[in-house]
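**Student:** There's a structure below that I have some questions on.
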Amino acid sequence: MSNVIFISPNFPTNYWQFCRELKNNGMNVLGIGDQPYDQLSPQLKDSLNEYYKVDSLEQYDAVYRGVAFFIHKYGRIDWLESNNEYWLERDAALRTDFHITSGFQTSDIPRIKYKSNMKEYYQAAGIPTARFHLVDSRKGCLDFIKEVGWPVVVKPDNGVGACDTHKLSSAQDLDQFLSAKAPEVSYIMEEFIHAEVNSYDAIIDSKGEPIFETGNVTPMSIMDIVNQEDNSIYYIVKNLPADTRKAGRATVKSFGVKSRFVHFEFFRLTQDQEGMGKQGDIVALEVNMRPCGGFSPDMMNFANSTNVYKIWADMIAFDRSTLEPGEHCFCAFAGRRDGKPFVYDHAAIMEKYGGQMKMVERIPDVLSGAMGNQMYMAVFPTQKKLDKFYHDVLLCKEG
């Protein structure tokens, strides 16, 4: 029986399903988390063979002791994973320290976590990338901006999501950013790309080949959603576009990805842009060596009539998927921000779209910055019906 340690199995709250499918595949599933055992959901408790509580997952020594305890009790650990962006470096350090070779090691982190380092691997795959500058002095930034023009985008070189990401449109914006930025953080400045975000989401086997592929489209900038406290929308595509598939597979090869669930983000240009390409072309944004966040795994299931939690666990256990392909549709996410004067209230939305609705929940506060406060997830057979749903759910009263 293979031993699998799952870090933070209780959060995100849907990740217990990874553990369930591992256990269903005959794995010995060992959880390490900071939530008391009696507060774990019944589903998660049933999905774990044993649970080790630490006071804080931020304390490396405590998590290290948890891994050591499981090794002493069960023997060699075959896999260690969190599928969580926040813990990628922690996961790699634990694998390195305990010689668990079935995943990224500490030496892999620079190329998969630092946005400036990602660019050479994208370029090796033949995918254009935005010009960039590592933020240093005001003069250095202005020299770069003179080359690429306003606006520019600045964000942590090693960051999670759209946190601490800013669009600068003037020297005044730059000065304000430089005076307020965290001094211990390294920032990357990039030319602004006029585009929507398209993703390549896949589960990759041990040979670097995809056993499941899909993607999503984010018509609105996550940066703007967070900074302007706007509503949030994105959707899983009915069918993955051929150019996204090609770019995603080339990126998998360039980064040497094996035995992982990945979420790669690309820009699709909304206008011709010098040095980048023509309207509709694909441009690199960043790699994320974990599943797309929030409820996206569930959306992938609904859009593809499948179970990505099981496909991932099948990859761990069998290096292939045991599921047959299902029918495809669009799966829409709409995150409404509290306090906005929406034309249709919750009851009206449910009356009109209840038959298409797959999930309706309040979004946890920790995720609400990027996702809104009230979530609606629904499926549609056509782009036209998808667009009508977004119009109705997000329509606000004038004035």
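Naming works like this for the structure tokens: A, B, ... for the chains as they're shown, residue 1 at the start of each chain, ligands 1 onward in shown order.
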Taking 4 positions as the minimum chain separation for residues in the same chain, which residues sit within 12 Å of A:Pro128 when counting only C-alpha atoms? Answer as a list in words.
**Tutor:**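 That gives Met118, Lys119, Glu120, Tyr121, Tyr122, Gln123, Ala124, Ile193, Ala247, Thr251, Phe266, Phe267, Arg268, Leu269, Gln273, Glu274, Gly275, Met276, Gly277, Lys278, Asp281, Ile282, Val283, Ala284, Leu285 and Glu286 of chain A.
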**Student:** Write out the residues from the selection above, keeping C-alpha atoms, as a PDB file, in the first residue's frame.
**Tutor:**
```pdb
ATOM      1  CA  MET A 118       9.290  31.515 -15.921  1.00  0.00           C
ATOM      2  CA  LYS A 119       9.836  33.639 -19.012  1.00  0.00           C
ATOM      3  CA  GLU A 120      12.839  31.759 -20.389  1.00  0.00           C
ATOM      4  CA  TYR A 121      10.904  28.479 -20.257  1.00  0.00           C
ATOM      5  CA  TYR A 122       7.951  30.035 -22.070  1.00  0.00           C
ATOM      6  CA  GLN A 123      10.316  31.467 -24.669  1.00  0.00           C
ATOM      7  CA  ALA A 124      11.938  28.047 -25.096  1.00  0.00           C
ATOM      8  CA  ILE A 193      -1.010  43.410 -22.197  1.00  0.00           C
ATOM      9  CA  ALA A 247       0.585  26.265 -25.891  1.00  0.00           C
ATOM     10  CA  THR A 251       4.678  24.631 -21.634  1.00  0.00           C
ATOM     11  CA  PHE A 266      -2.133  32.765 -20.946  1.00  0.00           C
ATOM     12  CA  PHE A 267      -3.200  36.104 -22.343  1.00  0.00           C
ATOM     13  CA  ARG A 268      -5.399  36.089 -25.433  1.00  0.00           C
ATOM     14  CA  LEU A 269      -4.822  39.459 -27.085  1.00  0.00           C
ATOM     15  CA  GLN A 273       0.044  44.673 -29.845  1.00  0.00           C
ATOM     16  CA  GLU A 274       3.526  45.399 -31.109  1.00  0.00           C
ATOM     17  CA  GLY A 275       6.036  42.745 -30.119  1.00  0.00           C
ATOM     18  CA  MET A 276       3.281  40.449 -28.802  1.00  0.00           C
ATOM     19  CA  GLY A 277       1.138  39.528 -31.781  1.00  0.00           C
ATOM     20  CA  LYS A 278      -2.210  39.987 -33.461  1.00  0.00           C
ATOM     21  CA  ASP A 281      -3.004  35.411 -30.355  1.00  0.00           C
ATOM     22  CA  ILE A 282      -1.801  33.565 -27.238  1.00  0.00           C
ATOM     23  CA  VAL A 283       0.841  35.193 -24.995  1.00  0.00           C
ATOM     24  CA  ALA A 284       2.348  33.695 -21.816  1.00  0.00           C
ATOM     25  CA  LEU A 285       1.297  34.954 -18.391  1.00  0.00           C
ATOM     26  CA  GLU A 286       2.404  32.514 -15.663  1.00  0.00           C
TER      27      GLU A 286
END
```
**Student:** Running DSSP on the backbone, which parts of stretch 278-368 of chain A land in alpha helix (DSSP H), as a ChimeraX atom specification?
**Tutor:** /A:296-304,308-318,346-353,365-368
**Student:** Save the residues we just selected, N, CA and C atoms, as a short mmCIF file (atom, residue, chain, number, x, y, z; two decimals), in the first residue's frame?
**Tutor:**
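What landed in out24.cif:
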```cif
data_model
loop_
_atom_site.label_atom_id
_atom_site.label_comp_id
_atom_site.auth_asym_id
_atom_site.auth_seq_id
_atom_site.Cartn_x
_atom_site.Cartn_y
_atom_site.Cartn_z
N SER A 296 -12.92 25.82 -8.79
CA SER A 296 -12.65 25.45 -10.18
C SER A 296 -12.64 23.94 -10.42
N PRO A 297 -12.06 23.11 -9.53
CA PRO A 297 -12.13 21.66 -9.80
C PRO A 297 -13.57 21.15 -9.95
N ASP A 298 -14.48 21.69 -9.13
CA ASP A 298 -15.89 21.28 -9.23
C ASP A 298 -16.47 21.76 -10.56
N MET A 299 -16.09 22.97 -10.98
CA MET A 299 -16.57 23.49 -12.26
C MET A 299 -16.07 22.64 -13.42
N MET A 300 -14.82 22.19 -13.33
CA MET A 300 -14.29 21.29 -14.37
C MET A 300 -15.12 20.01 -14.43
N ASN A 301 -15.52 19.51 -13.28
CA ASN A 301 -16.35 18.31 -13.24
C ASN A 301 -17.68 18.55 -13.96
N PHE A 302 -18.33 19.66 -13.64
CA PHE A 302 -19.63 19.95 -14.22
C PHE A 302 -19.53 20.18 -15.73
N ALA A 303 -18.47 20.87 -16.16
CA ALA A 303 -18.32 21.18 -17.58
C ALA A 303 -17.95 19.97 -18.42
N ASN A 304 -17.30 18.99 -17.81
CA ASN A 304 -16.79 17.84 -18.55
C ASN A 304 -17.45 16.52 -18.17
N VAL A 308 -12.46 15.27 -11.59
CA VAL A 308 -11.01 15.52 -11.64
C VAL A 308 -10.31 15.08 -10.36
N TYR A 309 -11.03 15.03 -9.25
CA TYR A 309 -10.43 14.53 -8.02
C TYR A 309 -10.02 13.07 -8.21
N LYS A 310 -10.89 12.32 -8.87
CA LYS A 310 -10.57 10.91 -9.13
C LYS A 310 -9.48 10.77 -10.19
N ILE A 311 -9.54 11.59 -11.24
CA ILE A 311 -8.51 11.50 -12.28
C ILE A 311 -7.14 11.77 -11.68
N TRP A 312 -7.05 12.77 -10.80
CA TRP A 312 -5.77 13.07 -10.13
C TRP A 312 -5.33 11.88 -9.27
N ALA A 313 -6.27 11.31 -8.50
CA ALA A 313 -5.92 10.16 -7.66
C ALA A 313 -5.58 8.95 -8.52
N ASP A 314 -6.22 8.80 -9.67
CA ASP A 314 -5.86 7.72 -10.60
C ASP A 314 -4.45 7.91 -11.13
N MET A 315 -4.09 9.17 -11.40
CA MET A 315 -2.73 9.46 -11.85
C MET A 315 -1.72 9.02 -10.79
N ILE A 316 -2.01 9.29 -9.53
CA ILE A 316 -1.11 8.88 -8.44
C ILE A 316 -1.03 7.36 -8.35
N ALA A 317 -2.18 6.70 -8.43
CA ALA A 317 -2.23 5.26 -8.20
C ALA A 317 -1.87 4.43 -9.43
N PHE A 318 -2.34 4.87 -10.62
CA PHE A 318 -2.23 4.03 -11.81
C PHE A 318 -1.49 4.69 -12.97
N HIS A 346 -31.64 37.46 -5.17
CA HIS A 346 -31.29 36.04 -5.13
C HIS A 346 -32.48 35.17 -5.55
N ALA A 347 -33.67 35.48 -5.05
CA ALA A 347 -34.84 34.67 -5.37
C ALA A 347 -35.14 34.69 -6.87
N ALA A 348 -34.99 35.87 -7.48
CA ALA A 348 -35.27 35.99 -8.91
C ALA A 348 -34.25 35.21 -9.74
N ILE A 349 -32.99 35.26 -9.32
CA ILE A 349 -31.95 34.50 -10.02
C ILE A 349 -32.24 33.00 -9.94
N MET A 350 -32.61 32.55 -8.76
CA MET A 350 -32.86 31.12 -8.58
C MET A 350 -34.12 30.68 -9.33
N GLU A 351 -35.12 31.55 -9.40
CA GLU A 351 -36.33 31.21 -10.13
C GLU A 351 -36.03 31.04 -11.62
N LYS A 352 -35.17 31.93 -12.16
CA LYS A 352 -34.88 31.89 -13.59
C LYS A 352 -33.87 30.81 -13.96
N TYR A 353 -32.86 30.59 -13.08
CA TYR A 353 -31.74 29.71 -13.46
C TYR A 353 -31.58 28.49 -12.55
N ASP A 365 -14.55 34.38 3.46
CA ASP A 365 -13.95 35.71 3.46
C ASP A 365 -12.52 35.70 2.91
N VAL A 366 -11.77 34.64 3.18
CA VAL A 366 -10.38 34.57 2.74
C VAL A 366 -10.27 34.55 1.21
N LEU A 367 -11.34 34.15 0.53
CA LEU A 367 -11.34 34.08 -0.93
C LEU A 367 -12.15 35.20 -1.58
N SER A 368 -12.86 36.00 -0.78
CA SER A 368 -13.83 36.94 -1.34
C SER A 368 -13.18 38.10 -2.10
#
```
**Student:** I'd like the neighbourhood of A:Met289 as a VMD selection string, where a residue qualifies if any of its atoms comes within 10 Å (using only C-alpha atoms), though same-chain residues fewer than 2 positions away should be ignored.
**Tutor:** chain A and resid 83 to 85 88 104 112 to 113 201 257 260 to 264 286 to 287 291 to 292
**Student:** Emit the selected residues as a compact mmCIF listing (two decimals), in the first residue's frame, including N, CA and C atoms.
**Tutor:**
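again-v6.txt, freshly written:
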```
# COMPACT_ATOMS: atom_id res chain seq x y z
N ASN A 83 -1.50 20.43 -3.24
CA ASN A 83 -2.23 21.01 -4.37
C ASN A 83 -2.60 22.46 -4.12
N ASN A 84 -1.80 23.14 -3.31
CA ASN A 84 -2.11 24.50 -2.87
C ASN A 84 -0.93 25.42 -3.18
N GLU A 85 -1.17 26.49 -3.90
CA GLU A 85 -0.11 27.43 -4.28
C GLU A 85 0.68 27.91 -3.07
N LEU A 88 3.44 25.39 -1.93
CA LEU A 88 4.30 24.72 -2.92
C LEU A 88 5.76 24.65 -2.45
N PHE A 104 8.11 18.07 -7.10
CA PHE A 104 9.11 19.12 -7.17
C PHE A 104 9.96 19.16 -5.90
N ILE A 112 9.53 27.62 -11.12
CA ILE A 112 8.07 27.44 -11.11
C ILE A 112 7.36 28.46 -10.23
N LYS A 113 8.09 29.24 -9.45
CA LYS A 113 7.46 30.21 -8.56
C LYS A 113 7.80 31.66 -8.89
N ASP A 201 -5.71 23.92 -18.14
CA ASP A 201 -5.77 23.14 -16.92
C ASP A 201 -5.66 21.67 -17.28
N VAL A 257 7.17 19.18 -16.55
CA VAL A 257 6.13 18.81 -15.60
C VAL A 257 5.80 17.33 -15.72
N ARG A 260 1.44 15.82 -12.17
CA ARG A 260 0.90 16.98 -11.47
C ARG A 260 -0.42 17.43 -12.10
N PHE A 261 -1.18 18.13 -11.29
CA PHE A 261 -2.35 18.90 -11.71
C PHE A 261 -1.85 20.33 -11.90
N VAL A 262 -2.04 20.91 -13.09
CA VAL A 262 -1.47 22.23 -13.36
C VAL A 262 -2.54 23.20 -13.86
N HIS A 263 -2.24 24.49 -13.67
CA HIS A 263 -3.10 25.59 -14.13
C HIS A 263 -2.17 26.64 -14.74
N PHE A 264 -2.09 26.66 -16.05
CA PHE A 264 -1.24 27.61 -16.76
C PHE A 264 -2.09 28.75 -17.30
N GLU A 286 1.63 33.19 -16.70
CA GLU A 286 2.40 32.51 -15.66
C GLU A 286 1.93 31.08 -15.49
N VAL A 287 2.82 30.26 -14.92
CA VAL A 287 2.46 28.88 -14.61
C VAL A 287 2.09 28.78 -13.14
N PRO A 291 -3.83 22.85 -8.98
CA PRO A 291 -5.12 23.08 -9.62
C PRO A 291 -5.53 24.54 -9.55
N CYS A 292 -6.34 24.97 -10.50
CA CYS A 292 -6.95 26.30 -10.43
C CYS A 292 -7.72 26.40 -9.12
```
**Student:** Can you list, as an MDAnalysis selection string, every residue of stretch 114-273 of chain A that DSSP puts in strand (DSSP E or B)?
**Tutor:** chainID A and resid 132:134 152:156 166:168 187:191 195:204 210:214 216:218 232:236 260:269 273
**Student:** Of the residues A:Ala195, A:Thr270, A:Glu327, A:Val379, which is the one nearest to A:Tyr235, using only C-alpha atoms?
**Tutor:**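 When distances to A:Tyr235 are compared using only C-alpha atoms, the smallest one comes from A:Val379.
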**Student:** What are the closest atom pairs, with distances in Å to one decimal, for each residue of stretch 69-124 of chain A lying within 10 Å of stretch 21-42 of chain A, using only C-alpha atoms, rows by chain and rising residue number, as JSON lines?
**Tutor:**
```
{"residue": "A:Phe70", "atom": "CA", "partner": "A:Leu30", "partner_atom": "CA", "distance": 7.6}
{"residue": "A:Tyr74", "atom": "CA", "partner": "A:Asn28", "partner_atom": "CA", "distance": 8.9}
{"residue": "A:Ile77", "atom": "CA", "partner": "A:Asn28", "partner_atom": "CA", "distance": 9.7}
{"residue": "A:Asp78", "atom": "CA", "partner": "A:Met27", "partner_atom": "CA", "distance": 9.9}
{"residue": "A:Trp79", "atom": "CA", "partner": "A:Val29", "partner_atom": "CA", "distance": 9.8}
{"residue": "A:Leu80", "atom": "CA", "partner": "A:Leu30", "partner_atom": "CA", "distance": 9.4}
{"residue": "A:Glu81", "atom": "CA", "partner": "A:Gly31", "partner_atom": "CA", "distance": 9.9}
{"residue": "A:Ser82", "atom": "CA", "partner": "A:Ile32", "partner_atom": "CA", "distance": 9.6}
```
**Student:** Which distance in Å separates atom CA of A:Val67 and atom CA of A:Ile203, to one decimal?
**Tutor:**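 Atom-to-atom, atom CA of A:Val67 and atom CA of A:Ile203 are spaced 25.6 Å apart.
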**Student:** Which residue, A:Phe6, A:Phe177, A:Tyr234, A:Phe69, has the smallest gap to A:Glu196 when you use only C-alpha atoms?
**Tutor:**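 Of A:Phe6, A:Phe177, A:Tyr234, A:Phe69, the one nearest A:Glu196 is A:Tyr234, counting only C-alpha atoms.
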**Student:** A:Asp272, A:Glu324, A:Glu213, A:Asp230: which is nearest A:Arg249, counting only C-alpha atoms?
**Tutor:**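 The shortest atom-to-atom distance to A:Arg249 comes from A:Glu213.
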**Student:** For A:Thr244, list every protein, DNA or RNA residue within 8 Å, evaluated using only C-alpha atoms, and leave out those in the same chain fewer than 6 positions away; present the list as an MDAnalysis selection string.
**Tutor:** chainID A and resid 198:200 282
**Student:** Would you pick out the contacts of A:Pro156 at 7 Å or less, using only C-alpha atoms, so that residues sharing its chain but fewer than 3 positions from it are not included, and give the list as a ChimeraX atom specification?
**Tutor:** /A:159,164,185-188
**Student:** Which residues are near A:Val160? Cut-off 8 Å, only C-alpha atoms, ignore same chain within fewer than 2 positions. Put them as a PyMOL selection string.
**Tutor:** chain A and resi 85-86+158+162-163
**Student:** Could you write those residues out with N, CA and C atoms, as a compact mmCIF listing (two decimals), in the first residue's frame?
**Tutor:**
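Heads up, here's the output in again.txt:
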```txt
# COMPACT_ATOMS: atom_id res chain seq x y z
N GLU A 85 -1.17 26.49 -3.90
CA GLU A 85 -0.11 27.43 -4.28
C GLU A 85 0.68 27.91 -3.07
N TYR A 86 -0.02 28.18 -1.98
CA TYR A 86 0.61 28.77 -0.80
C TYR A 86 1.67 27.85 -0.21
N ASN A 158 7.49 36.60 -6.70
CA ASN A 158 7.03 35.33 -6.16
C ASN A 158 5.75 35.61 -5.39
N ALA A 162 -3.61 37.40 -7.48
CA ALA A 162 -3.47 38.82 -7.83
C ALA A 162 -3.12 39.67 -6.62
N CYS A 163 -2.68 39.05 -5.55
CA CYS A 163 -2.35 39.78 -4.33
C CYS A 163 -1.23 40.78 -4.58
```
**Student:** Skip A:Pro341 itself and residues of its chain fewer than 2 positions away, then list as a list in words all residues within 7 Å of it, counting only C-alpha atoms.
**Tutor:**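 The residues satisfying every condition are Gly339, Val343, Cys396 and Lys397 of chain A.
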**Student:** If I take atom CA of A:Ser47 and atom CA of A:Phe11, how far is one from the other in Å, to one decimal?
**Tutor:**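 Going from atom CA of A:Ser47 over to atom CA of A:Phe11, I get 14.1 Å.
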**Student:** Mind pulling up the distance from atom CA of A:Asp91 to atom CA of A:Arg290?
**Tutor:**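 Result for atom CA of A:Arg290 versus atom CA of A:Asp91: 11.7 Å, one decimal.
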